[in-house]
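Q: The structure file start08.txt (compact mmCIF, N, CA and C atoms) is provided below.
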# COMPACT_ATOMS: atom_id res chain seq x y z
N MET A 1 -0.33 164.54 60.35
CA MET A 1 -0.96 163.23 60.34
C MET A 1 -0.78 162.61 58.95
N PRO A 2 -0.51 161.29 58.89
CA PRO A 2 -0.34 160.65 57.59
C PRO A 2 -1.59 160.75 56.74
N SER A 3 -1.38 160.73 55.44
CA SER A 3 -2.49 160.81 54.50
C SER A 3 -3.29 159.51 54.52
N PRO A 4 -4.63 159.60 54.61
CA PRO A 4 -5.45 158.38 54.57
C PRO A 4 -5.23 157.57 53.30
N ASP A 5 -4.97 158.23 52.16
CA ASP A 5 -4.73 157.50 50.92
C ASP A 5 -3.44 156.68 51.02
N ARG A 6 -2.41 157.28 51.59
CA ARG A 6 -1.15 156.57 51.75
C ARG A 6 -1.31 155.43 52.75
N ASP A 7 -2.07 155.64 53.83
CA ASP A 7 -2.30 154.60 54.83
C ASP A 7 -3.02 153.41 54.23
N HIS A 8 -3.93 153.67 53.30
CA HIS A 8 -4.67 152.58 52.67
C HIS A 8 -3.71 151.62 51.98
N ASP A 9 -2.68 152.16 51.38
CA ASP A 9 -1.71 151.34 50.66
C ASP A 9 -0.75 150.62 51.61
N ARG A 10 -0.53 151.16 52.81
CA ARG A 10 0.47 150.60 53.71
C ARG A 10 -0.10 149.55 54.65
N GLY A 11 -1.39 149.51 54.88
CA GLY A 11 -1.98 148.46 55.68
C GLY A 11 -2.14 148.73 57.15
N LEU A 12 -2.19 147.66 57.91
CA LEU A 12 -2.54 147.72 59.33
C LEU A 12 -1.62 148.59 60.15
N LEU A 13 -0.32 148.45 59.99
CA LEU A 13 0.61 149.23 60.81
C LEU A 13 0.43 150.73 60.61
N ALA A 14 0.23 151.14 59.37
CA ALA A 14 0.02 152.56 59.09
C ALA A 14 -1.29 153.03 59.70
N ARG A 15 -2.31 152.19 59.67
CA ARG A 15 -3.60 152.56 60.26
C ARG A 15 -3.47 152.66 61.78
N LEU A 16 -2.74 151.74 62.38
CA LEU A 16 -2.48 151.83 63.83
C LEU A 16 -1.76 153.12 64.16
N ASP A 17 -0.70 153.42 63.41
CA ASP A 17 0.06 154.64 63.65
C ASP A 17 -0.82 155.88 63.53
N ALA A 18 -1.67 155.89 62.52
CA ALA A 18 -2.55 157.05 62.30
C ALA A 18 -3.54 157.21 63.46
N LEU A 19 -4.11 156.10 63.93
CA LEU A 19 -5.05 156.17 65.05
C LEU A 19 -4.35 156.65 66.31
N VAL A 20 -3.18 156.10 66.60
CA VAL A 20 -2.45 156.50 67.80
C VAL A 20 -2.03 157.96 67.73
N GLU A 21 -1.61 158.40 66.55
CA GLU A 21 -1.23 159.80 66.37
C GLU A 21 -2.43 160.72 66.60
N LEU A 22 -3.59 160.33 66.09
CA LEU A 22 -4.80 161.13 66.30
C LEU A 22 -5.12 161.23 67.79
N VAL A 23 -5.08 160.10 68.48
CA VAL A 23 -5.39 160.10 69.92
C VAL A 23 -4.40 160.98 70.67
N ALA A 24 -3.12 160.89 70.32
CA ALA A 24 -2.10 161.72 70.98
C ALA A 24 -2.32 163.20 70.68
N ASP A 25 -2.57 163.52 69.42
CA ASP A 25 -2.76 164.93 69.02
C ASP A 25 -3.96 165.55 69.72
N ARG A 26 -5.01 164.75 69.91
CA ARG A 26 -6.23 165.28 70.54
C ARG A 26 -6.24 165.09 72.05
N HIS A 27 -5.14 164.58 72.60
CA HIS A 27 -5.03 164.31 74.04
C HIS A 27 -6.14 163.40 74.52
N GLY A 28 -6.47 162.42 73.69
CA GLY A 28 -7.47 161.43 74.05
C GLY A 28 -8.74 161.59 73.25
N LEU A 29 -9.53 160.51 73.24
CA LEU A 29 -10.84 160.52 72.59
C LEU A 29 -11.88 160.14 73.63
N ALA A 30 -13.07 160.70 73.50
CA ALA A 30 -14.15 160.46 74.46
C ALA A 30 -14.76 159.08 74.27
N LEU A 31 -15.04 158.44 75.39
CA LEU A 31 -15.70 157.14 75.39
C LEU A 31 -17.09 157.27 75.98
N LEU A 32 -17.99 156.46 75.48
CA LEU A 32 -19.35 156.38 76.03
C LEU A 32 -19.31 155.56 77.32
N PRO A 33 -20.36 155.62 78.15
CA PRO A 33 -20.36 154.84 79.39
C PRO A 33 -20.10 153.35 79.18
N GLY A 34 -20.48 152.77 78.06
CA GLY A 34 -20.23 151.35 77.79
C GLY A 34 -18.80 151.06 77.35
N GLY A 35 -17.99 152.08 77.15
CA GLY A 35 -16.60 151.89 76.78
C GLY A 35 -16.30 152.04 75.30
N ARG A 36 -17.33 152.19 74.48
CA ARG A 36 -17.10 152.40 73.03
C ARG A 36 -16.80 153.87 72.77
N LEU A 37 -16.13 154.12 71.66
CA LEU A 37 -15.89 155.50 71.26
C LEU A 37 -17.21 156.20 70.96
N ALA A 38 -17.30 157.46 71.33
CA ALA A 38 -18.46 158.26 70.96
C ALA A 38 -18.54 158.31 69.44
N ALA A 39 -19.74 158.44 68.90
CA ALA A 39 -19.94 158.38 67.44
C ALA A 39 -19.09 159.39 66.69
N ALA A 40 -19.04 160.63 67.15
CA ALA A 40 -18.24 161.65 66.47
C ALA A 40 -16.76 161.31 66.52
N GLU A 41 -16.30 160.78 67.64
CA GLU A 41 -14.91 160.38 67.77
C GLU A 41 -14.58 159.22 66.83
N ALA A 42 -15.51 158.28 66.72
CA ALA A 42 -15.31 157.13 65.83
C ALA A 42 -15.22 157.58 64.37
N ARG A 43 -16.03 158.56 63.98
CA ARG A 43 -15.97 159.07 62.60
C ARG A 43 -14.62 159.73 62.32
N VAL A 44 -14.14 160.54 63.26
CA VAL A 44 -12.85 161.20 63.09
C VAL A 44 -11.74 160.15 63.03
N ALA A 45 -11.81 159.15 63.88
CA ALA A 45 -10.80 158.09 63.90
C ALA A 45 -10.83 157.29 62.60
N ALA A 46 -12.02 157.04 62.08
CA ALA A 46 -12.14 156.29 60.82
C ALA A 46 -11.46 157.05 59.68
N ARG A 47 -11.70 158.35 59.61
CA ARG A 47 -11.06 159.16 58.57
C ARG A 47 -9.54 159.17 58.74
N ALA A 48 -9.08 159.34 59.97
CA ALA A 48 -7.64 159.41 60.23
C ALA A 48 -6.94 158.10 59.88
N ALA A 49 -7.61 156.98 60.12
CA ALA A 49 -7.03 155.67 59.86
C ALA A 49 -7.26 155.19 58.44
N GLY A 50 -7.89 156.01 57.63
CA GLY A 50 -8.14 155.62 56.24
C GLY A 50 -9.30 154.67 56.10
N LEU A 51 -10.22 154.70 57.06
CA LEU A 51 -11.39 153.83 57.02
C LEU A 51 -12.65 154.59 56.63
N GLY A 52 -12.50 155.84 56.19
CA GLY A 52 -13.64 156.66 55.82
C GLY A 52 -14.38 156.11 54.63
N THR A 53 -15.62 156.52 54.49
CA THR A 53 -16.46 156.06 53.38
C THR A 53 -15.96 156.61 52.06
N PRO A 54 -15.65 155.75 51.09
CA PRO A 54 -15.28 156.24 49.76
C PRO A 54 -16.46 156.98 49.13
N ARG A 55 -16.13 157.94 48.29
CA ARG A 55 -17.18 158.72 47.64
C ARG A 55 -17.66 158.03 46.38
N GLY A 56 -18.89 158.35 46.00
CA GLY A 56 -19.43 157.81 44.75
C GLY A 56 -20.63 156.93 45.02
N PRO A 57 -21.41 156.68 43.97
CA PRO A 57 -22.61 155.87 44.13
C PRO A 57 -22.29 154.42 44.49
N GLY A 58 -22.95 153.95 45.54
CA GLY A 58 -22.80 152.56 45.96
C GLY A 58 -21.47 152.25 46.62
N ALA A 59 -20.65 153.27 46.89
CA ALA A 59 -19.33 153.03 47.49
C ALA A 59 -19.40 153.17 49.00
N GLY A 60 -18.53 152.46 49.65
CA GLY A 60 -18.37 152.64 51.08
C GLY A 60 -19.16 151.68 51.93
N ALA A 61 -18.76 151.63 53.18
CA ALA A 61 -19.40 150.76 54.15
C ALA A 61 -20.37 151.57 55.00
N PRO A 62 -21.39 150.93 55.54
CA PRO A 62 -22.29 151.62 56.43
C PRO A 62 -21.53 152.16 57.65
N ALA A 63 -22.08 153.19 58.27
CA ALA A 63 -21.43 153.81 59.42
C ALA A 63 -21.18 152.79 60.54
N ALA A 64 -22.09 151.86 60.75
CA ALA A 64 -21.90 150.85 61.80
C ALA A 64 -20.70 149.98 61.51
N THR A 65 -20.48 149.64 60.26
CA THR A 65 -19.34 148.81 59.88
C THR A 65 -18.04 149.59 60.09
N GLN A 66 -18.04 150.87 59.74
CA GLN A 66 -16.86 151.70 59.96
C GLN A 66 -16.55 151.81 61.45
N ARG A 67 -17.58 151.99 62.24
CA ARG A 67 -17.38 152.11 63.69
C ARG A 67 -16.82 150.82 64.26
N ASP A 68 -17.32 149.68 63.78
CA ASP A 68 -16.78 148.39 64.22
C ASP A 68 -15.33 148.24 63.81
N ALA A 69 -14.99 148.71 62.61
CA ALA A 69 -13.60 148.63 62.14
C ALA A 69 -12.69 149.49 63.02
N VAL A 70 -13.16 150.66 63.42
CA VAL A 70 -12.38 151.52 64.30
C VAL A 70 -12.20 150.85 65.66
N GLU A 71 -13.27 150.23 66.17
CA GLU A 71 -13.17 149.55 67.47
C GLU A 71 -12.21 148.37 67.39
N LEU A 72 -12.19 147.67 66.28
CA LEU A 72 -11.24 146.56 66.10
C LEU A 72 -9.81 147.09 66.07
N LEU A 73 -9.59 148.16 65.32
CA LEU A 73 -8.27 148.78 65.26
C LEU A 73 -7.85 149.27 66.64
N ARG A 74 -8.78 149.83 67.35
CA ARG A 74 -8.51 150.29 68.72
C ARG A 74 -8.10 149.11 69.61
N ALA A 75 -8.80 147.97 69.49
CA ALA A 75 -8.48 146.79 70.30
C ALA A 75 -7.06 146.31 70.01
N VAL A 76 -6.65 146.36 68.75
CA VAL A 76 -5.29 145.96 68.40
C VAL A 76 -4.29 146.93 69.02
N ALA A 77 -4.56 148.23 68.92
CA ALA A 77 -3.67 149.23 69.50
C ALA A 77 -3.57 149.09 71.02
N GLU A 78 -4.68 148.77 71.67
CA GLU A 78 -4.65 148.52 73.11
C GLU A 78 -3.85 147.26 73.42
N GLY A 79 -4.02 146.23 72.60
CA GLY A 79 -3.30 144.97 72.81
C GLY A 79 -1.79 145.13 72.70
N VAL A 80 -1.35 145.99 71.81
CA VAL A 80 0.08 146.25 71.62
C VAL A 80 0.59 147.17 72.73
N GLY A 81 -0.31 147.88 73.37
CA GLY A 81 0.08 148.78 74.44
C GLY A 81 0.23 150.23 74.02
N LEU A 82 -0.28 150.57 72.84
CA LEU A 82 -0.16 151.94 72.34
C LEU A 82 -1.28 152.85 72.82
N LEU A 83 -2.43 152.26 73.14
CA LEU A 83 -3.58 153.01 73.66
C LEU A 83 -4.05 152.36 74.96
N ARG A 84 -4.67 153.16 75.80
CA ARG A 84 -5.26 152.64 77.04
C ARG A 84 -6.49 153.45 77.39
N VAL A 85 -7.37 152.82 78.13
CA VAL A 85 -8.56 153.49 78.63
C VAL A 85 -8.24 154.05 80.01
N ARG A 86 -8.55 155.32 80.18
CA ARG A 86 -8.38 155.96 81.48
C ARG A 86 -9.65 156.74 81.75
N GLY A 87 -10.50 156.17 82.60
CA GLY A 87 -11.78 156.79 82.89
C GLY A 87 -12.67 156.78 81.67
N ASP A 88 -13.11 157.95 81.26
CA ASP A 88 -13.98 158.06 80.10
C ASP A 88 -13.23 158.53 78.85
N ARG A 89 -11.91 158.28 78.82
CA ARG A 89 -11.07 158.71 77.70
C ARG A 89 -10.22 157.56 77.21
N LEU A 90 -9.95 157.57 75.92
CA LEU A 90 -8.98 156.68 75.31
C LEU A 90 -7.73 157.50 75.09
N GLU A 91 -6.60 157.07 75.67
CA GLU A 91 -5.38 157.85 75.61
C GLU A 91 -4.24 157.07 74.97
N ALA A 92 -3.30 157.81 74.39
CA ALA A 92 -2.06 157.21 73.88
C ALA A 92 -1.13 156.98 75.05
N THR A 93 -0.36 155.91 75.00
CA THR A 93 0.60 155.62 76.07
C THR A 93 1.97 156.18 75.70
N SER A 94 2.87 156.13 76.65
CA SER A 94 4.23 156.61 76.40
C SER A 94 5.02 155.66 75.50
N LEU A 95 4.48 154.48 75.21
CA LEU A 95 5.17 153.53 74.34
C LEU A 95 5.16 153.94 72.87
N ARG A 96 4.33 154.89 72.50
CA ARG A 96 4.20 155.21 71.08
C ARG A 96 5.49 155.74 70.47
N ASN A 97 6.30 156.46 71.24
CA ASN A 97 7.57 156.97 70.70
C ASN A 97 8.55 155.83 70.46
N ALA A 98 8.62 154.89 71.39
CA ALA A 98 9.50 153.73 71.20
C ALA A 98 9.00 152.86 70.04
N TRP A 99 7.68 152.73 69.92
CA TRP A 99 7.07 151.93 68.84
C TRP A 99 7.52 152.44 67.48
N ALA A 100 7.59 153.73 67.33
CA ALA A 100 7.97 154.32 66.04
C ALA A 100 9.42 154.02 65.68
N GLN A 101 10.24 153.67 66.66
CA GLN A 101 11.65 153.40 66.40
C GLN A 101 11.93 151.93 66.05
N ILE A 102 10.94 151.07 66.25
CA ILE A 102 11.12 149.63 66.01
C ILE A 102 10.94 149.34 64.52
N ASP A 103 11.73 148.41 64.02
CA ASP A 103 11.64 147.97 62.64
C ASP A 103 10.21 147.51 62.32
N GLU A 104 9.76 147.81 61.10
CA GLU A 104 8.38 147.50 60.71
C GLU A 104 8.06 146.01 60.81
N SER A 105 8.98 145.14 60.46
CA SER A 105 8.69 143.70 60.53
C SER A 105 8.54 143.26 61.99
N LEU A 106 9.30 143.84 62.89
CA LEU A 106 9.14 143.52 64.31
C LEU A 106 7.81 144.05 64.84
N ARG A 107 7.44 145.26 64.41
CA ARG A 107 6.15 145.82 64.82
C ARG A 107 5.01 144.93 64.32
N ALA A 108 5.14 144.41 63.10
CA ALA A 108 4.11 143.52 62.56
C ALA A 108 4.02 142.25 63.40
N GLY A 109 5.15 141.70 63.78
CA GLY A 109 5.16 140.49 64.61
C GLY A 109 4.57 140.74 65.98
N LEU A 110 4.89 141.86 66.58
CA LEU A 110 4.34 142.21 67.89
C LEU A 110 2.83 142.41 67.81
N THR A 111 2.38 143.03 66.73
CA THR A 111 0.95 143.23 66.53
C THR A 111 0.23 141.90 66.41
N PHE A 112 0.79 141.00 65.63
CA PHE A 112 0.21 139.67 65.46
C PHE A 112 0.17 138.93 66.79
N ALA A 113 1.26 138.96 67.54
CA ALA A 113 1.33 138.27 68.82
C ALA A 113 0.32 138.85 69.82
N ALA A 114 0.21 140.17 69.86
CA ALA A 114 -0.74 140.80 70.78
C ALA A 114 -2.17 140.42 70.43
N TRP A 115 -2.47 140.37 69.13
CA TRP A 115 -3.82 140.03 68.71
C TRP A 115 -4.13 138.57 69.03
N CYS A 116 -3.19 137.68 68.75
CA CYS A 116 -3.41 136.25 69.02
C CYS A 116 -3.60 136.00 70.51
N HIS A 117 -2.93 136.76 71.32
CA HIS A 117 -3.06 136.62 72.77
C HIS A 117 -4.47 137.02 73.25
N ARG A 118 -5.07 137.99 72.58
CA ARG A 118 -6.40 138.51 72.99
C ARG A 118 -7.55 137.68 72.46
N VAL A 119 -7.33 136.98 71.36
CA VAL A 119 -8.42 136.23 70.73
C VAL A 119 -8.43 134.81 71.26
N PRO A 120 -9.55 134.37 71.86
CA PRO A 120 -9.60 132.99 72.40
C PRO A 120 -9.62 131.96 71.29
Write the structure described by the file as structure tokens, please.
A:
Amino acid sequence: MPSPDRDHDRGLLARLDALVELVADRHGLALLPGGRLAAAEARVAARAAGLGTPRGPGAGAPAATQRDAVELLRAVAEGVGLLRVRGDRLEATSLRNAWAQIDESLRAGLTFAAWCHRVP
């Protein structure tokens, strides 16, 4: 799995890749009945995507903010087609291997287009 420190420097695409890789490695993440990630799953996803709480006094975001950030990242990954909900699990799709082969600028454009399509 990519280093969270390296992902922080690379931005959204690296965070998407890290989240999708985590979901694939774990063969899915558990969802609550309302469709949100379970709290423990959201914490693991936040760390994997480089959204974990920084250490030190006064550093970091509250857990609720981190969970919202993970859910937003998840929505983008679903919009691009890299993740899908199947029952009570969030799963990686078969598109993730093809996604890794696409040029980074094209992936950025596809991500932007998918997000714009979802946001009214």
Q: Please indicate the distance in Å from atom C of A:Leu83 to atom N of A:Arg67, rounded to one decimal place.
A: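 Separating atom C of A:Leu83 from atom N of A:Arg67 is a distance of 18.6 Å.
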Q: Interatomic distance between atom C of A:Cys116 and atom CA of A:Ala75?
A: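 Between atom C of A:Cys116 and atom CA of A:Ala75 the gap works out to 11.8 Å.
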Q: Write down as a PyMOL selection string the residues belonging to stretch 3-119 of chain A that are assigned strand (DSSP E) by DSSP computed on the backbone.
A: chain A and resi 29-30+83-86+89-92
Q: Calculated over only N, CA and C atoms, which of the candidates A:Glu41, A:Asp103, A:Glu78, A:Glu71 has the smallest distance to A:Leu29?
A: A:Glu41
Q: Quick one, how far is atom CA of A:Ala49 from atom CA of A:Ala18?
A: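 Computing it gives 5.3 Å between the two atoms.
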